[in-house]
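Next comes query35.txt, a file with compact mmCIF, C-alpha atoms and all ligand atoms.
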```txt
# COMPACT_ATOMS: atom_id res chain seq x y z
CA MET A 457 -43.79 109.06 -25.36
CA ARG A 458 -42.79 112.22 -27.20
CA ILE A 459 -40.72 112.14 -30.38
CA ASP A 460 -39.34 115.29 -31.98
CA VAL A 461 -38.10 114.90 -35.55
CA VAL A 462 -35.58 117.44 -36.84
CA SER A 463 -35.55 117.38 -40.64
CA LEU A 464 -35.60 119.57 -43.73
CA PHE A 465 -38.69 117.52 -44.66
CA PRO A 466 -40.48 116.84 -41.34
CA GLU A 467 -43.77 116.19 -43.13
CA GLU A 468 -42.24 113.03 -44.67
CA VAL A 469 -42.02 111.36 -41.26
CA ASP A 470 -45.45 112.68 -40.27
CA ARG A 471 -47.01 111.16 -43.39
CA CYS A 472 -45.35 107.77 -42.89
CA THR A 473 -46.74 107.51 -39.37
CA ALA A 474 -50.24 108.90 -39.83
CA PHE A 475 -52.09 105.57 -40.18
CA GLY A 476 -52.12 101.96 -38.95
CA VAL A 477 -50.69 101.07 -35.57
CA THR A 478 -48.59 104.23 -35.41
CA GLY A 479 -51.51 106.43 -36.39
CA ARG A 480 -53.63 104.74 -33.70
CA ALA A 481 -50.89 105.24 -31.10
CA ARG A 482 -50.88 108.93 -31.97
CA GLU A 483 -54.70 109.14 -31.87
CA ARG A 484 -54.70 107.39 -28.47
CA GLY A 485 -52.16 109.89 -27.14
CA LEU A 486 -49.59 107.12 -26.61
CA LEU A 487 -47.18 108.93 -28.90
CA GLN A 488 -46.76 112.66 -29.54
CA LEU A 489 -44.86 113.44 -32.74
CA HIS A 490 -43.49 116.92 -33.44
CA GLY A 491 -41.64 118.02 -36.58
CA TRP A 492 -39.00 120.73 -36.64
CA ASN A 493 -37.33 122.24 -39.70
CA PRO A 494 -33.83 123.74 -39.20
CA ARG A 495 -34.53 126.00 -42.16
CA GLU A 496 -36.73 128.06 -39.84
CA TYR A 497 -33.63 128.72 -37.73
CA ALA A 498 -31.31 129.64 -40.61
CA ASP A 499 -30.12 133.13 -41.52
CA GLY A 500 -30.43 135.21 -44.65
CA ASN A 501 -33.01 135.52 -47.38
CA TYR A 502 -32.36 131.99 -48.56
CA ARG A 503 -32.25 130.57 -45.02
CA LYS A 504 -29.17 128.57 -45.84
CA THR A 505 -29.01 125.20 -44.08
CA ASP A 506 -26.16 123.57 -45.98
CA ASP A 507 -22.92 124.45 -47.69
CA ARG A 508 -19.94 122.90 -49.45
CA THR A 509 -17.75 120.56 -47.48
CA PHE A 510 -14.30 121.84 -46.41
CA GLY A 511 -11.43 120.00 -48.01
CA GLY A 512 -13.23 119.82 -51.35
CA GLY A 513 -15.07 116.90 -52.82
CA PRO A 514 -18.66 116.41 -53.89
CA GLY A 515 -21.77 117.13 -51.92
CA MET A 516 -23.04 119.51 -49.29
CA VAL A 517 -23.00 119.39 -45.50
CA MET A 518 -25.78 120.53 -43.17
CA LEU A 519 -24.59 123.60 -41.27
CA VAL A 520 -24.02 123.49 -37.50
CA GLU A 521 -25.71 126.76 -36.48
CA PRO A 522 -29.29 126.31 -37.82
CA LEU A 523 -29.31 122.84 -36.27
CA ARG A 524 -27.93 124.13 -32.96
CA ARG A 525 -30.68 126.76 -32.78
CA CYS A 526 -33.33 124.26 -33.84
CA LEU A 527 -32.25 121.73 -31.19
CA ALA A 528 -32.25 124.48 -28.55
CA ALA A 529 -35.90 125.19 -29.47
CA VAL A 530 -36.70 121.47 -29.32
CA ARG A 531 -35.21 121.14 -25.81
CA GLN A 532 -37.04 124.35 -24.78
CA ALA A 533 -40.41 123.00 -25.96
CA ASP A 534 -40.73 120.41 -23.17
CA PRO A 535 -38.98 119.97 -19.79
CA THR A 536 -38.54 116.23 -20.38
CA PRO A 537 -34.85 115.44 -20.97
CA VAL A 538 -34.10 114.33 -24.52
CA HIS A 539 -32.17 111.42 -26.00
CA VAL A 540 -30.83 112.60 -29.37
CA VAL A 541 -30.55 109.93 -32.08
CA TYR A 542 -28.82 110.73 -35.37
CA LEU A 543 -29.91 108.46 -38.24
CA SER A 544 -26.84 107.72 -40.32
CA PRO A 545 -25.09 104.90 -42.21
CA GLN A 546 -22.22 105.32 -39.74
CA GLY A 547 -24.46 104.40 -36.83
CA ARG A 548 -24.86 101.18 -34.89
CA ARG A 549 -27.27 98.81 -36.65
CA LEU A 550 -30.79 99.13 -35.16
CA GLU A 551 -32.02 95.84 -33.64
CA GLN A 552 -35.21 94.99 -31.77
CA LYS A 553 -33.37 94.96 -28.43
CA ARG A 554 -32.43 98.62 -28.92
CA VAL A 555 -35.96 99.39 -30.20
CA ARG A 556 -37.36 98.08 -26.89
CA GLU A 557 -34.91 100.29 -24.96
CA LEU A 558 -35.78 103.37 -27.04
CA ALA A 559 -39.50 102.63 -26.67
CA ALA A 560 -39.12 102.81 -22.89
CA MET A 561 -37.67 106.33 -23.01
CA PRO A 562 -39.97 109.29 -22.26
CA ARG A 563 -38.64 111.40 -25.12
CA LEU A 564 -36.58 110.96 -28.29
CA VAL A 565 -35.20 113.48 -30.76
CA LEU A 566 -34.57 111.99 -34.21
CA LEU A 567 -32.07 114.00 -36.21
CA CYS A 568 -32.36 113.46 -39.97
CA GLY A 569 -29.41 114.30 -42.18
CA ARG A 570 -29.45 114.99 -45.89
CA TYR A 571 -26.68 115.37 -48.48
CA GLU A 572 -23.30 114.19 -47.10
CA GLY A 573 -24.46 114.56 -43.53
CA ILE A 574 -24.20 117.02 -40.68
CA ASP A 575 -21.20 119.13 -39.56
CA GLU A 576 -19.32 116.83 -37.18
CA ARG A 577 -19.14 119.53 -34.51
CA LEU A 578 -22.94 119.39 -34.12
CA VAL A 579 -22.81 115.58 -33.93
CA GLN A 580 -20.11 115.66 -31.23
CA ALA A 581 -21.84 118.38 -29.20
CA GLU A 582 -25.48 117.26 -29.37
CA VAL A 583 -25.89 113.62 -30.48
CA ASP A 584 -26.28 110.82 -27.89
CA GLU A 585 -26.22 107.96 -30.39
CA GLU A 586 -26.01 107.30 -34.11
CA LEU A 587 -28.22 104.56 -35.50
CA SER A 588 -28.35 102.94 -38.93
CA ILE A 589 -31.40 100.98 -40.12
CA GLY A 590 -29.23 98.92 -42.45
CA ASP A 591 -26.24 98.79 -44.77
CA TYR A 592 -27.71 100.61 -47.74
CA VAL A 593 -27.87 104.28 -48.69
CA LEU A 594 -31.09 106.28 -48.48
CA SER A 595 -31.62 109.78 -49.82
CA GLY A 596 -32.05 111.15 -46.31
CA GLY A 597 -32.62 110.23 -42.69
CA GLU A 598 -36.41 110.74 -42.80
CA LEU A 599 -37.34 107.20 -43.84
CA ALA A 600 -34.94 105.83 -41.23
CA ALA A 601 -36.59 108.08 -38.64
CA ALA A 602 -40.02 106.80 -39.74
CA VAL A 603 -38.77 103.24 -39.16
CA VAL A 604 -37.73 104.13 -35.62
CA VAL A 605 -41.06 105.90 -34.95
CA ASP A 606 -43.01 102.89 -36.23
CA ALA A 607 -40.95 100.35 -34.31
CA VAL A 608 -41.15 102.20 -30.96
CA ALA A 609 -44.79 103.31 -31.41
CA ARG A 610 -46.10 99.75 -31.67
CA LEU A 611 -44.40 98.87 -28.36
CA GLN A 612 -46.22 101.61 -26.44
CA ASP A 613 -48.73 100.10 -23.98
CA GLY A 614 -52.11 100.10 -25.66
CA ALA A 615 -50.83 100.56 -29.21
CA LEU A 616 -51.51 96.99 -30.33
CA ASN A 617 -55.08 95.70 -30.05
CA ASP A 618 -53.74 92.31 -29.01
CA ALA A 619 -51.03 93.05 -26.46
CA GLY A 620 -49.63 89.58 -26.86
CA SER A 621 -48.84 90.01 -30.54
CA ALA A 622 -45.78 92.15 -29.86
CA ALA A 623 -44.37 89.33 -27.79
CA GLN A 624 -44.88 86.88 -30.69
CA ASP A 625 -43.26 89.11 -33.30
CA SER A 626 -40.08 88.05 -34.98
CA PHE A 627 -36.98 88.84 -32.91
CA GLU A 628 -38.96 89.34 -29.70
CA ASP A 629 -37.40 86.14 -28.28
CA GLY A 630 -34.53 86.25 -30.72
CA LEU A 631 -36.25 83.97 -33.26
CA LEU A 632 -38.07 84.61 -36.50
CA ASP A 633 -41.85 84.37 -36.36
CA CYS A 634 -43.70 81.19 -37.37
CA PRO A 635 -45.85 81.10 -40.54
CA HIS A 636 -49.46 82.29 -40.26
CA TYR A 637 -52.64 81.13 -42.04
CA SER A 638 -56.26 82.23 -42.23
CA HIS A 639 -59.41 81.37 -44.25
CA PRO A 640 -60.15 79.44 -46.39
CA VAL A 641 -58.85 76.11 -45.05
CA GLU A 642 -58.64 74.67 -48.59
CA HIS A 643 -57.19 76.78 -51.41
CA ALA A 644 -55.45 76.14 -54.73
CA TYR A 645 -52.26 77.34 -52.97
CA GLY A 646 -52.58 74.69 -50.26
CA THR A 647 -54.34 73.67 -47.07
CA VAL A 648 -54.04 75.17 -43.60
CA PRO A 649 -51.92 72.81 -41.44
CA GLU A 650 -54.18 70.45 -39.53
CA VAL A 651 -52.61 71.21 -36.14
CA LEU A 652 -53.72 74.85 -36.36
CA ARG A 653 -57.34 73.70 -36.68
CA SER A 654 -57.09 71.07 -33.94
CA GLY A 655 -57.98 73.28 -31.00
CA ASN A 656 -55.13 71.59 -29.14
CA HIS A 657 -53.36 74.69 -27.81
CA ALA A 658 -50.34 72.81 -26.50
CA ALA A 659 -49.83 71.15 -29.88
CA ILE A 660 -50.32 74.49 -31.65
CA ALA A 661 -47.77 76.21 -29.42
CA ARG A 662 -45.32 73.33 -30.00
CA TRP A 663 -45.80 73.51 -33.79
CA ARG A 664 -45.33 77.29 -33.82
CA ARG A 665 -42.16 77.08 -31.72
CA GLN A 666 -40.79 74.36 -34.00
CA GLN A 667 -41.56 76.39 -37.12
CA ALA A 668 -39.88 79.46 -35.62
CA LEU A 669 -36.77 77.46 -34.73
CA VAL A 670 -36.53 75.78 -38.15
CA ARG A 671 -37.09 79.06 -39.99
CA THR A 672 -34.47 80.82 -37.91
CA TRP A 673 -32.00 77.96 -38.42
CA LEU A 674 -32.51 78.00 -42.20
CA ARG A 675 -32.88 81.74 -42.85
CA ARG A 676 -31.01 83.54 -40.06
CA PRO A 677 -28.53 81.12 -38.44
CA ASP A 678 -26.71 84.22 -37.16
CA LEU A 679 -29.54 84.72 -34.68
CA LEU A 680 -28.74 81.32 -33.15
CA GLN A 681 -24.99 81.93 -32.97
CA GLY A 682 -23.79 81.68 -29.39
CA ARG A 683 -27.31 80.93 -28.19
CA GLU A 684 -27.67 77.89 -25.91
CA LEU A 685 -30.94 76.22 -27.04
CA SER A 686 -32.87 74.41 -24.34
CA LYS A 687 -33.14 70.63 -24.58
CA VAL A 688 -36.76 71.01 -25.66
CA ASP A 689 -35.90 73.56 -28.37
CA ARG A 690 -32.99 71.46 -29.62
CA LYS A 691 -35.28 68.42 -29.92
CA LEU A 692 -37.96 70.47 -31.67
CA LEU A 693 -35.42 71.87 -34.11
CA GLU A 694 -33.87 68.50 -34.93
CA GLU A 695 -37.31 66.93 -35.40
CA GLY A 696 -38.42 69.85 -37.59
CA LEU A 697 -35.31 69.65 -39.79
CA ARG A 698 -35.71 65.87 -40.16
CA ALA A 699 -39.32 66.39 -41.25
CA LEU A 700 -38.08 68.66 -44.04
CA GLU A 701 -35.79 65.94 -45.36
CA GLN A 702 -38.66 63.43 -45.72
N1 LIG B 1 -28.91 103.46 -43.91
C1 LIG B 1 -29.29 104.47 -43.08
N2 LIG B 1 -29.70 104.31 -41.81
O1 LIG B 1 -29.96 105.52 -41.32
N3 LIG B 1 -29.75 106.49 -42.26
C2 LIG B 1 -29.34 105.86 -43.36
C3 LIG B 1 -28.99 106.48 -44.64
O2 LIG B 1 -28.67 105.74 -45.56
N4 LIG B 1 -29.00 107.83 -44.83
C4 LIG B 1 -28.45 108.36 -46.07
C5 LIG B 1 -27.52 109.51 -45.80
N5 LIG B 1 -28.17 110.54 -44.99
C6 LIG B 1 -27.30 111.70 -44.81
C7 LIG B 1 -26.04 111.35 -44.06
C8 LIG B 1 -24.89 111.04 -44.77
C9 LIG B 1 -23.76 110.71 -44.05
C10 LIG B 1 -23.78 110.72 -42.69
C11 LIG B 1 -24.97 111.01 -42.06
N6 LIG B 1 -26.08 111.34 -42.74
C12 LIG B 1 -28.65 110.00 -43.71
C13 LIG B 1 -29.56 108.82 -43.90
```
File written out as structure tokens:
Amino acid sequence: MRIDVVSLFPEEVDRCTAFGVTGRARERGLLQLHGWNPREYADGNYRKTDDRTFGGGPGMVMLVEPLRRCLAAVRQADPTPVHVVYLSPQGRRLEQKRVRELAAMPRLVLLCGRYEGIDERLVQAEVDEELSIGDYVLSGGELAAAVVVDAVARLQDGALNDAGSAAQDSFEDGLLDCPHYSHPVEHAYGTVPEVLRSGNHAAIARWRRQQALVRTWLRRPDLLQGRELSKVDRKLLEEGLRALEQ
């Protein structure tokens, strides 16, 4: 998968994705990441990339023309068709379902705004979708772009050492993940649940499913809204909630 990041600070996204699973995906050639700076496509001695917003009011807007030229160079760089994502608070909230769809695309362009955003004419002419990573305000789109890069990189075949772990992540089946434990078994903070040390894989899977259901019910009931739980899941959930009351 190729991702081109258009940003006044492309190195910020590069740095956030240079290690860990994303760094490994890049090393393994599973993900190619290219940074582009619209300032290199701006005119004049100061290579102006932003200006005051028409209609008055605070803040600056990123100019249409340097971005248009920059995006033309991005498209030119590789014959693979692009899907242009603009990271913005006005975008649709990014969820794991959309991450999986983006991860299956051959090429993404992540457009990072700064200041008050980008001239709307560029958005209308070049952007395929606007995505928000959450209802809070960042100082620019770069960290949001890094989130998208990280989330799609780990879903590339071969990125995770244990292929199954992506499937067990939170949200993969619409539930939160179960709790995890490692050594030592006994610690001042508590003991590892007996079932996890039993070697009984059916019991372990049942316990993990029950924990995921109870956690989701208690912490993110919205994820269960409108979801028809199976008879087995409903029983596991009820039993798990009763156990909490004892
Ligand atoms: N939340 C988020 N999820 O994605 N991006 C954000 C986010 O807060 N920001 C801050 C404002 N930047 C500049 C901007 C302002 C207005 C319209 C478009 N762009 C973009 C990135």
Which residues sit within 6 Å of ligand LIG 1 (chain B), counting only C-alpha atoms and all ligand atoms, listed as a PyMOL selection string?
chain A and resi 543-545+569-573+588-597+600
Atom pair atom CA of Leu700 of chain A / atom CA of Asn656 of chain A: separation (Å)
22.8 Å
How many Å lie between atom CA of Pro522 of chain A and atom CA of Arg549 of chain A, rounded to one decimal?
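Computing the Euclidean distance for atom CA of Pro522 of chain A and atom CA of Arg549 of chain A yields 27.6 Å.
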Pick out the residues sitting within 6 Å of segment 465-479 of chain A, and hand them over as a list in words; count only C-alpha atoms, and ignore anything fewer than 3 positions along from it in its own chain.
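Counting only the stated atoms, we get Arg482, Gly491, Glu598, Ala602, Asp606 and Ala609 of chain A.
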Within 10 Å of (-52.5, 98.8, -29.7) (coordinates as in the file), grab all the protein and nucleic acid residues, counting only C-alpha atoms, and write them out as an NGL selection string.
:A and (476-478 or 480-481 or 484 or 486 or 609-619 or 621-622)
Between atom CA of Asp678 of chain A and atom CA of Leu566 of chain A, what is the distance, to one decimal in Å?
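Going from atom CA of Asp678 of chain A over to atom CA of Leu566 of chain A covers 29.0 Å.
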Find, counting all atoms listed in the file, the residue in A:Val540, A:Val579, A:Gly513, A:Arg662 that gets nearest to Arg563 of chain A.
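Closest to Arg563 of chain A of all the choices is A:Val540.
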Shortest interatomic distance to Gly630 of chain A - which of A:Ala533, A:Val688, A:Leu680, A:Val461, counting all atoms listed in the file:
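Nearest to Gly630 of chain A: A:Leu680.
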All residues 7 Å or closer to Asp506 of chain A, all atoms listed in the file, same chain fewer than 5 positions away omitted, as a list in words:
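Residues meeting the cut-off are Met516, Val517, Met518 and Leu519 of chain A.
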Considering only C-alpha atoms, can you say which of A:Leu578, A:Ala658, A:Gln666, A:Asn493 comes closest to Arg698 of chain A?
A:Gln666
Could you tell me which of A:Arg675, A:Arg458, A:Leu527, A:Val520 comes closest to Leu489 of chain A if we count all atoms listed in the file?
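Looking only at the distances to Leu489 of chain A, the closest residue turns out to be A:Arg458.
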Could you check which of A:Val462, A:Arg653, A:Gly646, A:Asp629 is closest to Tyr497 of chain A, using all atoms listed in the file?
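Comparing A:Val462, A:Arg653, A:Gly646, A:Asp629 against Tyr497 of chain A, the winner is A:Val462.
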Return the single residue from A:Leu669, A:Val603, A:Leu523, A:Val608 that is closest to Met457 of chain A, with distances computed using all atoms listed in the file.
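Closest to Met457 of chain A, using all atoms listed in the file: A:Val608.
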